[in-house]
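As stored in protein_29.txt (compact mmCIF, C-alpha atoms and all ligand atoms):
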# COMPACT_ATOMS: atom_id res chain seq x y z
CA MET A 1 10.56 -19.20 51.72
CA ASP A 2 9.73 -17.97 55.18
CA ALA A 3 10.90 -14.44 55.95
CA GLN A 4 12.70 -15.61 59.08
CA PHE A 5 14.96 -17.81 56.89
CA GLN A 6 16.07 -15.07 54.53
CA PRO A 7 19.60 -13.93 55.38
CA LEU A 8 20.78 -10.35 54.97
CA ASP A 9 22.94 -10.09 51.89
CA SER A 10 25.90 -8.65 53.78
CA GLY A 11 27.85 -11.60 55.15
CA LYS A 12 26.42 -10.86 58.58
CA PHE A 13 24.76 -13.41 60.87
CA ARG A 14 26.39 -16.38 59.15
CA ASP A 15 28.72 -17.93 61.73
CA PRO A 16 27.38 -18.72 65.21
CA PHE A 17 30.70 -17.92 66.88
CA THR A 18 32.19 -15.08 64.83
CA THR A 19 30.79 -11.92 63.24
CA ALA A 20 31.46 -10.83 59.65
CA LYS A 21 34.28 -8.63 60.99
CA GLY A 22 35.88 -11.56 62.81
CA ASP A 23 34.87 -10.58 66.35
CA ALA A 24 33.58 -13.03 68.94
CA ARG A 25 29.78 -13.16 68.70
CA ALA A 26 27.85 -12.46 71.91
CA THR A 27 26.11 -15.31 73.66
CA VAL A 28 23.45 -15.38 76.37
CA ALA A 29 23.46 -17.97 79.14
CA LEU A 30 20.22 -19.18 80.69
CA ARG A 31 20.26 -17.41 84.06
CA SER A 32 17.07 -19.08 85.28
CA LEU A 33 14.03 -20.51 83.50
CA ASP A 34 11.48 -18.07 84.93
CA THR A 35 9.02 -18.36 82.03
CA LEU A 36 8.20 -21.26 79.73
CA TRP A 37 6.19 -20.46 76.61
CA PHE A 38 4.19 -22.95 74.61
CA ASN A 39 3.41 -22.15 71.01
CA THR A 40 0.08 -23.94 70.72
CA GLY A 41 0.27 -23.91 66.89
CA THR A 42 0.62 -21.30 64.15
CA LEU A 43 -2.92 -21.57 62.80
CA CYS A 44 -4.87 -18.36 63.38
CA ASN A 45 -8.29 -17.00 62.49
CA LEU A 46 -6.57 -13.85 61.13
CA THR A 47 -3.84 -13.09 58.60
CA CYS A 48 -2.30 -9.90 59.95
CA ARG A 49 -0.15 -7.88 57.57
CA ASN A 50 3.07 -8.17 59.57
CA CYS A 51 2.59 -11.09 61.92
CA TYR A 52 6.06 -11.90 63.29
CA ILE A 53 5.35 -15.63 63.08
CA GLU A 54 3.37 -15.43 59.80
CA SER A 55 0.26 -17.05 61.22
CA SER A 56 -2.86 -17.49 59.15
CA PRO A 57 -5.75 -19.93 58.70
CA ARG A 58 -3.37 -21.97 56.48
CA ASN A 59 0.05 -21.79 58.20
CA ASP A 60 0.38 -25.02 60.21
CA LEU A 61 4.20 -25.10 60.17
CA LEU A 62 3.95 -25.29 63.95
CA ALA A 63 1.38 -27.98 64.70
CA TYR A 64 -1.08 -28.02 67.56
CA LEU A 65 0.58 -29.03 70.83
CA THR A 66 -1.41 -31.52 72.89
CA ARG A 67 -2.22 -31.51 76.58
CA GLU A 68 0.11 -34.50 76.93
CA ASP A 69 2.97 -32.57 75.26
CA VAL A 70 2.57 -29.75 77.77
CA ARG A 71 2.32 -32.10 80.74
CA GLU A 72 5.65 -33.65 79.83
CA TYR A 73 7.39 -30.28 80.28
CA LEU A 74 5.48 -29.45 83.46
CA ASP A 75 6.67 -32.81 84.79
CA GLU A 76 10.26 -31.96 83.88
CA ILE A 77 10.00 -28.63 85.74
CA ALA A 78 8.74 -30.47 88.84
CA ARG A 79 11.27 -33.29 88.57
CA ASP A 80 14.27 -30.98 88.19
CA GLY A 81 13.03 -28.37 90.67
CA LEU A 82 13.24 -25.56 88.09
CA PRO A 83 12.28 -22.05 89.30
CA THR A 84 9.62 -21.53 86.59
CA ARG A 85 6.69 -19.39 87.77
CA LEU A 86 4.95 -18.33 84.58
CA ILE A 87 3.65 -20.47 81.73
CA GLY A 88 2.78 -18.49 78.59
CA PHE A 89 0.66 -19.60 75.66
CA THR A 90 1.10 -18.01 72.26
CA GLY A 91 0.27 -18.93 68.67
CA GLY A 92 -1.27 -18.42 66.20
CA GLU A 93 -4.45 -18.06 68.18
CA PRO A 94 -4.13 -20.27 71.29
CA PHE A 95 -7.90 -20.54 71.75
CA MET A 96 -8.08 -22.47 68.45
CA ASN A 97 -6.17 -25.35 70.03
CA ARG A 98 -8.75 -27.87 71.25
CA ASP A 99 -6.63 -28.74 74.31
CA ILE A 100 -6.12 -25.17 75.53
CA ILE A 101 -8.58 -25.37 78.43
CA GLY A 102 -7.07 -28.67 79.61
CA MET A 103 -3.58 -27.20 79.32
CA LEU A 104 -4.59 -24.15 81.37
CA HIS A 105 -6.18 -26.36 83.98
CA ASP A 106 -2.98 -28.43 84.29
CA VAL A 107 -0.78 -25.33 84.53
CA LEU A 108 -2.93 -23.48 87.07
CA SER A 109 -3.68 -26.52 89.23
CA ARG A 110 0.05 -27.12 89.60
CA GLY A 111 0.51 -23.62 91.00
CA PHE A 112 1.96 -21.81 87.97
CA ASP A 113 0.69 -18.45 86.77
CA ALA A 114 -0.67 -18.55 83.22
CA LEU A 115 -0.67 -15.94 80.47
CA VAL A 116 -2.54 -16.35 77.18
CA LEU A 117 -1.94 -14.08 74.18
CA THR A 118 -5.07 -13.76 72.06
CA ASN A 119 -6.95 -11.59 69.60
CA ALA A 120 -10.05 -12.13 71.81
CA MET A 121 -12.22 -12.87 68.78
CA LYS A 122 -14.45 -15.83 67.87
CA PRO A 123 -12.16 -18.67 69.07
CA MET A 124 -12.10 -17.10 72.55
CA ARG A 125 -15.80 -16.29 72.47
CA LYS A 126 -16.62 -19.98 71.96
CA LEU A 127 -14.79 -20.82 75.19
CA ARG A 128 -16.39 -18.20 77.45
CA PRO A 129 -18.07 -20.70 79.85
CA GLN A 130 -14.88 -22.74 80.29
CA LEU A 131 -12.79 -19.60 80.79
CA LEU A 132 -15.20 -18.33 83.43
CA GLU A 133 -14.85 -21.62 85.29
CA LEU A 134 -11.06 -21.27 85.29
CA HIS A 135 -11.31 -17.64 86.35
CA ASN A 136 -13.66 -18.51 89.21
CA VAL A 137 -11.17 -21.03 90.59
CA TYR A 138 -7.84 -19.35 89.85
CA GLY A 139 -8.64 -15.62 89.67
CA ALA A 140 -5.81 -13.32 88.61
CA ARG A 141 -3.34 -16.21 88.25
CA LEU A 142 -4.86 -16.52 84.77
CA ARG A 143 -3.97 -13.42 82.72
CA ILE A 144 -5.15 -12.69 79.21
CA ARG A 145 -3.15 -10.33 76.96
CA VAL A 146 -5.27 -9.03 74.10
CA SER A 147 -3.71 -7.78 70.87
CA LEU A 148 -5.13 -4.40 69.92
CA ASP A 149 -2.71 -2.99 67.42
CA HIS A 150 -3.77 0.67 67.61
CA HIS A 151 -6.31 2.79 69.49
CA VAL A 152 -7.92 3.97 66.24
CA PRO A 153 -10.18 1.34 64.63
CA GLU A 154 -9.14 2.15 61.05
CA VAL A 155 -5.43 1.89 61.88
CA HIS A 156 -5.94 -1.38 63.75
CA GLU A 157 -7.82 -2.78 60.75
CA THR A 158 -5.05 -1.69 58.35
CA GLU A 159 -2.88 -4.29 60.06
CA ARG A 160 -5.45 -6.93 60.99
CA GLY A 161 -8.02 -6.72 58.22
CA ARG A 162 -11.60 -5.49 57.90
CA ARG A 163 -14.14 -6.19 60.62
CA THR A 164 -11.46 -7.10 63.19
CA TRP A 165 -11.99 -4.14 65.54
CA ALA A 166 -15.49 -4.69 66.90
CA PRO A 167 -15.09 -8.39 67.81
CA THR A 168 -11.85 -7.71 69.67
CA ILE A 169 -13.40 -4.81 71.60
CA ASP A 170 -16.34 -7.06 72.40
CA GLY A 171 -13.94 -9.72 73.72
CA LEU A 172 -11.97 -7.17 75.75
CA LEU A 173 -15.13 -5.80 77.35
CA TRP A 174 -16.35 -9.28 78.22
CA LEU A 175 -13.02 -10.12 79.86
CA ALA A 176 -13.01 -6.87 81.84
CA ARG A 177 -16.63 -7.12 82.97
CA SER A 178 -16.07 -10.73 84.02
CA GLY A 179 -13.15 -9.63 86.20
CA PHE A 180 -10.29 -11.28 84.32
CA ALA A 181 -6.76 -9.93 84.72
CA ILE A 182 -6.14 -8.34 81.33
CA ASP A 183 -3.34 -6.59 79.52
CA VAL A 184 -3.22 -5.13 76.03
CA ALA A 185 -0.50 -5.53 73.39
CA GLY A 186 -0.25 -2.72 70.84
CA ARG A 187 2.16 -2.06 68.01
CA ARG A 188 4.31 0.88 66.95
CA PHE A 189 3.95 0.53 63.18
CA SER A 190 2.20 3.91 62.88
CA GLY A 191 5.49 5.60 63.71
CA GLU A 192 3.95 7.96 66.30
CA PRO A 193 5.90 8.88 69.43
CA GLU A 194 5.25 6.45 72.28
CA ALA A 195 3.72 9.18 74.46
CA ASP A 196 1.11 9.91 71.77
CA LEU A 197 0.27 6.24 71.38
CA ARG A 198 -0.14 5.81 75.13
CA ALA A 199 -2.30 8.91 75.37
CA GLY A 200 -4.52 7.58 72.57
CA PHE A 201 -4.90 4.20 74.26
CA ALA A 202 -5.62 5.95 77.58
CA ARG A 203 -8.51 7.86 75.95
CA LEU A 204 -9.87 4.63 74.45
CA PHE A 205 -9.61 2.68 77.73
CA ALA A 206 -11.41 5.54 79.55
CA GLU A 207 -14.20 5.61 76.95
CA LEU A 208 -14.65 1.84 77.23
CA GLY A 209 -14.31 1.80 81.01
CA LEU A 210 -11.40 -0.65 80.84
CA PRO A 211 -9.31 -0.80 84.03
CA ILE A 212 -5.95 -0.68 82.24
CA ASP A 213 -3.27 1.94 82.93
CA ALA A 214 -2.02 2.88 79.46
CA MET A 215 1.11 4.46 80.97
CA ASP A 216 2.17 1.13 82.53
CA PRO A 217 4.52 -0.61 80.06
CA VAL A 218 3.43 -4.05 81.28
CA ARG A 219 -0.34 -3.42 81.20
CA LEU A 220 0.01 -1.86 77.74
CA MET A 221 2.94 -3.36 75.86
CA LEU A 222 3.90 -1.57 72.65
CA PHE A 223 5.92 -3.77 70.33
CA PRO A 224 8.29 -2.46 67.67
CA GLU A 225 8.02 -3.74 64.12
CA MET A 226 10.33 -6.59 63.17
CA ASP A 227 12.08 -6.35 59.82
CA VAL A 228 14.53 -9.12 59.02
CA GLN A 229 15.87 -7.27 55.97
CA ARG A 230 16.92 -4.14 57.86
CA ASP A 231 20.71 -3.87 58.09
CA VAL A 232 21.66 -4.00 61.77
CA PRO A 233 25.02 -4.32 63.53
CA GLU A 234 26.08 -7.72 64.81
CA ILE A 235 26.36 -8.12 68.57
CA THR A 236 29.87 -8.93 69.80
CA THR A 237 30.99 -9.82 73.30
CA ALA A 238 32.25 -6.22 73.59
CA CYS A 239 28.79 -4.76 72.92
CA TRP A 240 27.46 -5.42 76.42
CA GLY A 241 30.03 -3.07 77.92
CA ILE A 242 29.70 -0.48 75.15
CA LEU A 243 25.90 -0.41 75.49
CA HIS A 244 25.88 -0.79 79.29
CA LYS A 245 23.53 -3.75 78.93
CA SER A 246 23.52 -7.10 80.63
CA PRO A 247 22.93 -10.38 78.79
CA ASP A 248 20.68 -11.26 81.75
CA ASP A 249 18.12 -8.71 80.49
CA VAL A 250 17.24 -10.39 77.19
CA MET A 251 14.45 -12.93 76.95
CA CYS A 252 16.63 -15.98 76.28
CA ALA A 253 18.31 -15.48 79.69
CA SER A 254 15.08 -16.32 81.48
CA ALA A 255 12.72 -18.06 79.04
CA ARG A 256 12.34 -20.80 76.45
CA MET A 257 9.54 -21.76 74.06
CA VAL A 258 8.21 -25.24 73.23
CA VAL A 259 6.94 -25.90 69.70
CA LYS A 260 5.95 -28.94 67.65
CA ARG A 261 6.98 -28.67 64.03
CA LYS A 262 4.64 -30.01 61.39
CA GLY A 263 5.43 -33.70 60.83
CA ALA A 264 7.81 -33.94 63.82
CA ASP A 265 7.53 -36.88 66.21
CA ALA A 266 7.99 -34.76 69.29
CA PRO A 267 8.10 -31.15 70.47
CA ALA A 268 11.32 -29.14 70.62
CA VAL A 269 12.54 -26.33 72.85
CA LEU A 270 13.55 -23.03 71.22
CA ALA A 271 15.62 -20.16 72.61
CA CYS A 272 12.75 -17.67 72.68
CA THR A 273 9.37 -16.76 71.21
CA LEU A 274 10.82 -14.64 68.39
CA LEU A 275 12.68 -17.14 66.21
CA ALA A 276 10.32 -20.04 65.59
CA TYR A 277 11.60 -21.16 62.20
CA ASP A 278 15.39 -20.70 62.34
CA ARG A 279 16.73 -24.17 63.26
CA GLN A 280 19.90 -22.85 64.90
CA PHE A 281 17.69 -21.58 67.74
CA GLU A 282 16.26 -25.05 68.37
CA LEU A 283 18.17 -26.12 71.46
CA GLY A 284 16.93 -29.61 72.29
CA ARG A 285 14.09 -31.96 73.07
CA THR A 286 14.02 -31.34 76.80
CA LEU A 287 14.40 -28.29 79.02
CA ALA A 288 17.66 -29.75 80.31
CA GLU A 289 19.08 -29.97 76.78
CA ALA A 290 17.85 -26.46 76.02
CA ALA A 291 19.59 -24.92 79.04
CA ARG A 292 22.73 -24.22 77.02
CA PRO A 293 23.82 -20.70 75.99
CA VAL A 294 22.32 -19.02 72.91
CA SER A 295 24.50 -17.49 70.22
CA LEU A 296 23.01 -14.15 69.08
CA ASN A 297 23.22 -15.01 65.39
CA HIS A 298 20.07 -13.37 64.01
CA PRO A 299 19.15 -9.77 63.11
CA TYR A 300 16.26 -9.90 65.61
CA CYS A 301 18.77 -10.50 68.41
CA ALA A 302 20.30 -7.14 67.55
CA SER A 303 17.32 -5.05 66.53
CA PHE A 304 14.65 -6.34 68.88
CA CYS A 305 16.54 -7.45 71.98
CA VAL A 306 19.94 -5.83 72.40
CA LEU A 307 20.07 -2.52 70.55
CA GLY A 308 16.49 -1.38 70.97
CA GLY A 309 17.23 1.76 68.99
CA ALA A 310 20.74 2.30 70.38
CA ALA A 311 23.86 1.79 68.28
CA CYS A 312 26.85 -0.35 69.11
CA SER A 313 29.97 1.27 67.68
CA ARG A 314 31.52 -2.00 66.55
S1 LIG A 401 -3.78 -12.44 65.41
FE1 LIG A 401 -1.67 -12.56 66.15
S2 LIG A 401 -0.96 -14.63 65.56
FE2 LIG A 401 -2.84 -14.20 64.37
S3 LIG A 401 -2.06 -13.40 62.40
FE3 LIG A 401 -2.48 -11.63 63.77
S4 LIG A 401 -0.51 -11.16 64.78
FE4 LIG A 401 -0.39 -13.24 63.90
S1 LIG A 402 15.89 -12.87 69.44
FE1 LIG A 402 17.99 -13.53 69.96
S2 LIG A 402 18.60 -12.26 71.74
FE2 LIG A 402 16.38 -12.09 71.51
S3 LIG A 402 15.58 -13.59 72.95
FE3 LIG A 402 15.69 -14.56 70.90
S4 LIG A 402 17.69 -15.58 70.82
FE4 LIG A 402 17.73 -14.13 72.55
Show me this structure written as structure tokens.
Ligand code: SF4
Ligand code: SF4
Amino acid sequence: MDAQFQPLDSGKFRDPFTTAKGDARATVALRSLDTLWFNTGTLCNLTCRNCYIESSPRNDLLAYLTREDVREYLDEIARDGLPTRLIGFTGGEPFMNRDIIGMLHDVLSRGFDALVLTNAMKPMRKLRPQLLELHNVYGARLRIRVSLDHHVPEVHETERGRRTWAPTIDGLLWLARSGFAIDVAGRRFSGEPEADLRAGFARLFAELGLPIDAMDPVRLMLFPEMDVQRDVPEITTACWGILHKSPDDVMCASARMVVKRKGADAPAVLACTLLAYDRQFELGRTLAEAARPVSLNHPYCASFCVLGGAACSR
């Protein structure tokens, strides 16, 4: 069974409308579809220890999207005049999808910005000439975010496996020297204070000559670990006021993600990038159908998006 399906054994996160204590569960309305993500497929060249989507060279639960699948959603954005500016590609490893260059061409030529999340290893290396062509035409409108879990090679390889450091550094250097707009995504699993992590990455970027400001939370994103078994409070409608947070600030207020499940006839639109396997977050076939509010009925909604380390007293 997939980890994302396993419920906490506490009666929590069972009913989409009501919490275990009988309170009204919080929902998030789609404020505006600023970003549309495409999960190009869960297959990956790596099997990282704690991949949030459990990608590997064998996990094809999310099948490869095709260029035609993506075009259909770009057409819907144009037809309905949606405000979408950014198209993101995630996986798995997006550069393993044979249509990725065509998809990027379609996205960029229609005036969207594009962001690709990658481990910058062999699948990307094979596409260097095609990526350079895109970069030469579209410049910084094509951004590449490279996953580098930690600034110390041995710690990075604890998560990603042996011999994963050097190829990723090689890919990062190639991107930087070729002038691509690049960001780095790190992880917080080492438990160090954020300031120490950023200082370590800053030293590494300086040594490598990478033009990335490690103190900028967008240029260097540091993601918390996701643990579906950790007991977290449920989010009620009262929590927003208690925590002084706005529902507009969580990802599902401004984004959706398109996936194609293995064996499915057509793609589907999910609430966000974080909950790929839980069917209650599958909102519809089209962007119009998926524009409805999202009920925050998963531990990730609490731990990753709303609480972020704070505690709601309810
Ligand atoms: S490289 Fe990314 S998608 Fe692939 S297994 Fe690692 S964390 Fe998951
Ligand atoms: S995990 Fe929950 S709160 Fe966070 S973006 Fe996804 S649906 Fe929204």
Which residues sit within 9 Å of ligand LIG 402 (chain A), counting all atoms listed in the file, listed as number ranges by chain?
A: 27-28, 247, 250-256, 270-275, 281, 294-306
Expected file contents, prior selection, C-alpha atoms, as a PDB file, in the frame of the given file:
ATOM      1  CA  THR A  27      26.110 -15.310  73.660  1.00  0.00           C
ATOM      2  CA  VAL A  28      23.450 -15.380  76.370  1.00  0.00           C
ATOM      3  CA  PRO A 247      22.930 -10.380  78.790  1.00  0.00           C
ATOM      4  CA  VAL A 250      17.240 -10.390  77.190  1.00  0.00           C
ATOM      5  CA  MET A 251      14.450 -12.930  76.950  1.00  0.00           C
ATOM      6  CA  CYS A 252      16.630 -15.980  76.280  1.00  0.00           C
ATOM      7  CA  ALA A 253      18.310 -15.480  79.690  1.00  0.00           C
ATOM      8  CA  SER A 254      15.080 -16.320  81.480  1.00  0.00           C
ATOM      9  CA  ALA A 255      12.720 -18.060  79.040  1.00  0.00           C
ATOM     10  CA  ARG A 256      12.340 -20.800  76.450  1.00  0.00           C
ATOM     11  CA  LEU A 270      13.550 -23.030  71.220  1.00  0.00           C
ATOM     12  CA  ALA A 271      15.620 -20.160  72.610  1.00  0.00           C
ATOM     13  CA  CYS A 272      12.750 -17.670  72.680  1.00  0.00           C
ATOM     14  CA  THR A 273       9.370 -16.760  71.210  1.00  0.00           C
ATOM     15  CA  LEU A 274      10.820 -14.640  68.390  1.00  0.00           C
ATOM     16  CA  LEU A 275      12.680 -17.140  66.210  1.00  0.00           C
ATOM     17  CA  PHE A 281      17.690 -21.580  67.740  1.00  0.00           C
ATOM     18  CA  VAL A 294      22.320 -19.020  72.910  1.00  0.00           C
ATOM     19  CA  SER A 295      24.500 -17.490  70.220  1.00  0.00           C
ATOM     20  CA  LEU A 296      23.010 -14.150  69.080  1.00  0.00           C
ATOM     21  CA  ASN A 297      23.220 -15.010  65.390  1.00  0.00           C
ATOM     22  CA  HIS A 298      20.070 -13.370  64.010  1.00  0.00           C
ATOM     23  CA  PRO A 299      19.150  -9.770  63.110  1.00  0.00           C
ATOM     24  CA  TYR A 300      16.260  -9.900  65.610  1.00  0.00           C
ATOM     25  CA  CYS A 301      18.770 -10.500  68.410  1.00  0.00           C
ATOM     26  CA  ALA A 302      20.300  -7.140  67.550  1.00  0.00           C
ATOM     27  CA  SER A 303      17.320  -5.050  66.530  1.00  0.00           C
ATOM     28  CA  PHE A 304      14.650  -6.340  68.880  1.00  0.00           C
ATOM     29  CA  CYS A 305      16.540  -7.450  71.980  1.00  0.00           C
ATOM     30  CA  VAL A 306      19.940  -5.830  72.400  1.00  0.00           C
TER      31      VAL A 306
END
Point out the residue among A:Ala202, A:Ala264, A:Leu65, A:Ile235 with the least atom-to-atom distance to Gly22 in chain A, counting all atoms listed in the file.
A:Ile235
Residues at most 9 Å from ligand LIG 401 (chain A), using all atoms listed in the file? Could they come as a PyMOL selection string?
chain A and resi 42-57+90-94+117-120+147+149+159-160
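For the pair CA of Pro233 in chain A and CA of Asp15 in chain A, the separation is 14.2 Å.
For the atom pair formed by CA of Lys245 in chain A and CA of Phe38 in chain A, the distance is 27.6 Å, given to one decimal.
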So which residues fall inside 12 Å of (9.1, -28.9, 70.8) if we count all atoms listed in the file? Mind giving them as a ChimeraX atom specification?
/A:36-41,62-66,69-70,72-73,256-272,276-277,279,281-287,289-290
Hey, which of A:Cys239, A:Leu220, A:Gly179, A:Val152 ends up closest to Asn136 in chain A? Count only C-alpha atoms.
A:Gly179
Work out how far CA of Val232 in chain A is from CA of Lys12 in chain A, in Å to one decimal.
8.9 Å
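Shortest atom-to-atom contact with Asp113 in chain A among A:Gln229, A:Thr35, A:Ser246, A:Thr168: A:Thr35, counting only C-alpha atoms.
You can rank A:Leu148, A:Glu157, A:Asp248, A:Thr237 by their closest distance to Met221 in chain A using all atoms listed in the file, and at the top of that list sits A:Leu148.
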For Ala24 in chain A, which residue out of A:Pro193, A:Gly139, A:Glu234, A:Val184 is the nearest one, using all atoms listed in the file?
A:Glu234
Nearby residues (only C-alpha atoms) at most 7 Å from Ala114 in chain A, same-chain spacing under 3 positions excluded, as a ChimeraX atom specification
/A:86-88,107-108,141-143
Would you please work out which residue, of A:Lys122, A:His105, A:Arg85, A:Arg203, is nearest to Leu172 in chain A when using only C-alpha atoms?
A:Lys122
Which neighbours of Gly209 in chain A fall inside 9 Å, counting all atoms listed in the file, when residues of the same chain fewer than 5 positions from it are skipped, and could you give them as a PyMOL selection string?
chain A and resi 173+176+204
What are the centre and the three edge lengths of an axis-aligned box that wraps all atoms of range 85-103 of chain A in the file, given that 5 Å is added to every side, written as lines of an AutoDock Vina configuration file and rounded to one decimal in Å?
center_x = -1.0
center_y = -23.4
center_z = 77.0
size_x = 25.4
size_y = 20.7
size_z = 31.6
